[in-house]
Amino acid sequence: MKLVIAISGRPGAGKTTYAKEIASFFNLRYVSSGMLFRQLAEERGVSLLEFHKMAEKDFEIDKAIDERALEEARKGDVVVDGHLAGWVLRDIADLKIFFTAPLEIRATRVAARDGVSYEEAFRELKAREESNKLRARLIYGFDLDDLSIFDVIFNTNKLSKEVISETLKTLISKFIEHRASG
């Protein structure tokens with residue numbers, strides 16, 4: 001059976017960390033829409049925030065990234081990590097998991113991860129989220145505040161990384177067992 005897991009979440013909530021861990025643990029391929037977005041920004045010589053602004057005017061940027069995510073999902077045995085992964089793969093993904101945390105917590109994590117000030121991380125996260133919401137609505141009609149399509153939502157501020165990791169492994173293992181028996 002080909003397993004497809006879509007991982008979405010707010011920037012800095014831990015979606016990439018958990019997506020990579022799930023892919024490794026279950027021996028699945030890992031595809032990151034965010035990494036592709038960052039690579040394209042770097043290739044064009046612009047900052048991530050500038051590239052978000054460019055994508056607000058050039059919808060082909062998001063469409064190309066999302067089409068790649070769809071292609072990879074159709075192959076199966078993959079974890080696709082991206083802000084829109086759950087929505088874009090809603091009809092393909094076997095499991096859709098969303099990660100969130102309060103903005104202040106996420107800004108603290110991003111500041112530490114990226115070596116920037118808390119204020120800079122906070123401003124950038126806020127701007128990125130607004131850009132993501134705008135583009136999702138304009139391009140696809142998605143409401144990124146409507147999380148009803150997700151099977152599971154984790155607030156990564158509520159539990160330790162170890163507890164979330166173990167919960168994810170158990171959840172996915174039980175899903176696989178259930179699917180195999182049914």
# chains A, B, ... in the order shown; residues from 1 in each chain; ligands from 1

$ residues_around --residues "range 9-16 of chain A" --least-positions-apart "6" --cutoff "7 Å" --atoms "only C-alpha atoms" --output "list in words"
Asp81, His83, Phe98, Phe99, Thr100, Ala101, Arg106, Ala107, Arg109, Val110, Leu125 and Thr156 of chain A

$ select_by_dssp --residues "range 47-163 of chain A" --states "strand (DSSP E or B)" --output "ChimeraX atom specification"
/A:78-81,95-100,152-155

$ write_last_selection --atoms "N, CA, C and O atoms" --output "compact mmCIF listing (two decimals), in the first residue's frame"
# COMPACT_ATOMS: atom_id res chain seq x y z
N VAL A 78 5.32 8.69 0.65
CA VAL A 78 5.94 10.00 0.78
C VAL A 78 5.30 10.80 1.91
O VAL A 78 4.12 10.63 2.23
N VAL A 79 6.11 11.65 2.51
CA VAL A 79 5.64 12.68 3.42
C VAL A 79 5.88 13.99 2.71
O VAL A 79 7.01 14.30 2.33
N VAL A 80 4.82 14.75 2.48
CA VAL A 80 4.93 16.05 1.82
C VAL A 80 4.70 17.12 2.87
O VAL A 80 3.66 17.16 3.53
N ASP A 81 5.69 17.98 3.03
CA ASP A 81 5.69 19.04 4.02
C ASP A 81 5.54 20.37 3.30
O ASP A 81 6.32 20.67 2.40
N LEU A 95 -3.29 10.70 5.33
CA LEU A 95 -3.35 11.41 6.60
C LEU A 95 -2.92 12.85 6.37
O LEU A 95 -1.93 13.10 5.67
N LYS A 96 -3.65 13.77 6.96
CA LYS A 96 -3.31 15.19 6.89
C LYS A 96 -3.11 15.67 8.33
O LYS A 96 -4.03 15.60 9.14
N ILE A 97 -1.90 16.15 8.62
CA ILE A 97 -1.53 16.55 9.98
C ILE A 97 -1.11 18.01 9.96
O ILE A 97 -0.34 18.43 9.10
N PHE A 98 -1.60 18.76 10.95
CA PHE A 98 -1.32 20.20 11.02
C PHE A 98 -0.61 20.51 12.34
O PHE A 98 -0.99 19.99 13.39
N PHE A 99 0.41 21.39 12.28
CA PHE A 99 1.15 21.81 13.46
C PHE A 99 0.99 23.30 13.66
O PHE A 99 1.09 24.08 12.71
N THR A 100 0.76 23.69 14.91
CA THR A 100 0.62 25.09 15.24
C THR A 100 1.27 25.35 16.60
O THR A 100 1.64 24.42 17.32
N VAL A 152 -5.55 15.40 12.16
CA VAL A 152 -4.95 15.62 13.47
C VAL A 152 -4.30 17.01 13.49
O VAL A 152 -3.68 17.42 12.51
N ILE A 153 -4.45 17.70 14.63
CA ILE A 153 -3.82 19.02 14.81
C ILE A 153 -3.02 18.96 16.11
O ILE A 153 -3.55 18.57 17.16
N PHE A 154 -1.75 19.34 16.02
CA PHE A 154 -0.88 19.38 17.20
C PHE A 154 -0.53 20.82 17.51
O PHE A 154 -0.09 21.55 16.63
N ASN A 155 -0.69 21.22 18.79
CA ASN A 155 -0.14 22.47 19.27
C ASN A 155 1.20 22.11 19.88
O ASN A 155 1.25 21.49 20.95

$ residues_around --residues "Phe150 in chain A" --least-positions-apart "5" --cutoff "12 Å" --atoms "only C-alpha atoms" --output "PyMOL selection string"
chain A and resi 5-9+84-91+93-99+144-145

$ select_by_dssp --residues "range 92-169 of chain A" --states "helix (DSSP H, G or I)" --output "number ranges by chain"
A: 103-114, 118-140, 161-169

$ closest_residue --among "A:Arg123, A:Lys169, A:Arg137, A:His178" --to "Phe25 in chain A" --atoms "only C-alpha atoms"
A:Lys169

$ atom_distance --atom1 "CA of Ile105 in chain A" --atom2 "CA of Gly45 in chain A"
29.3 Å

$ residues_around --residues "Tyr118 in chain A" --least-positions-apart "3" --cutoff "7 Å" --atoms "only C-alpha atoms" --output "PDB file with C-alpha atoms, in the first residue's frame"
ATOM      1  CA  ALA A 107       9.114  33.619  16.701  1.00  0.00           C
ATOM      2  CA  THR A 108      11.401  32.575  19.566  1.00  0.00           C
ATOM      3  CA  ALA A 111      15.005  33.566  15.958  1.00  0.00           C
ATOM      4  CA  ALA A 121      11.602  36.748  13.399  1.00  0.00           C
ATOM      5  CA  PHE A 122       8.224  37.933  14.699  1.00  0.00           C
TER       6      PHE A 122
END
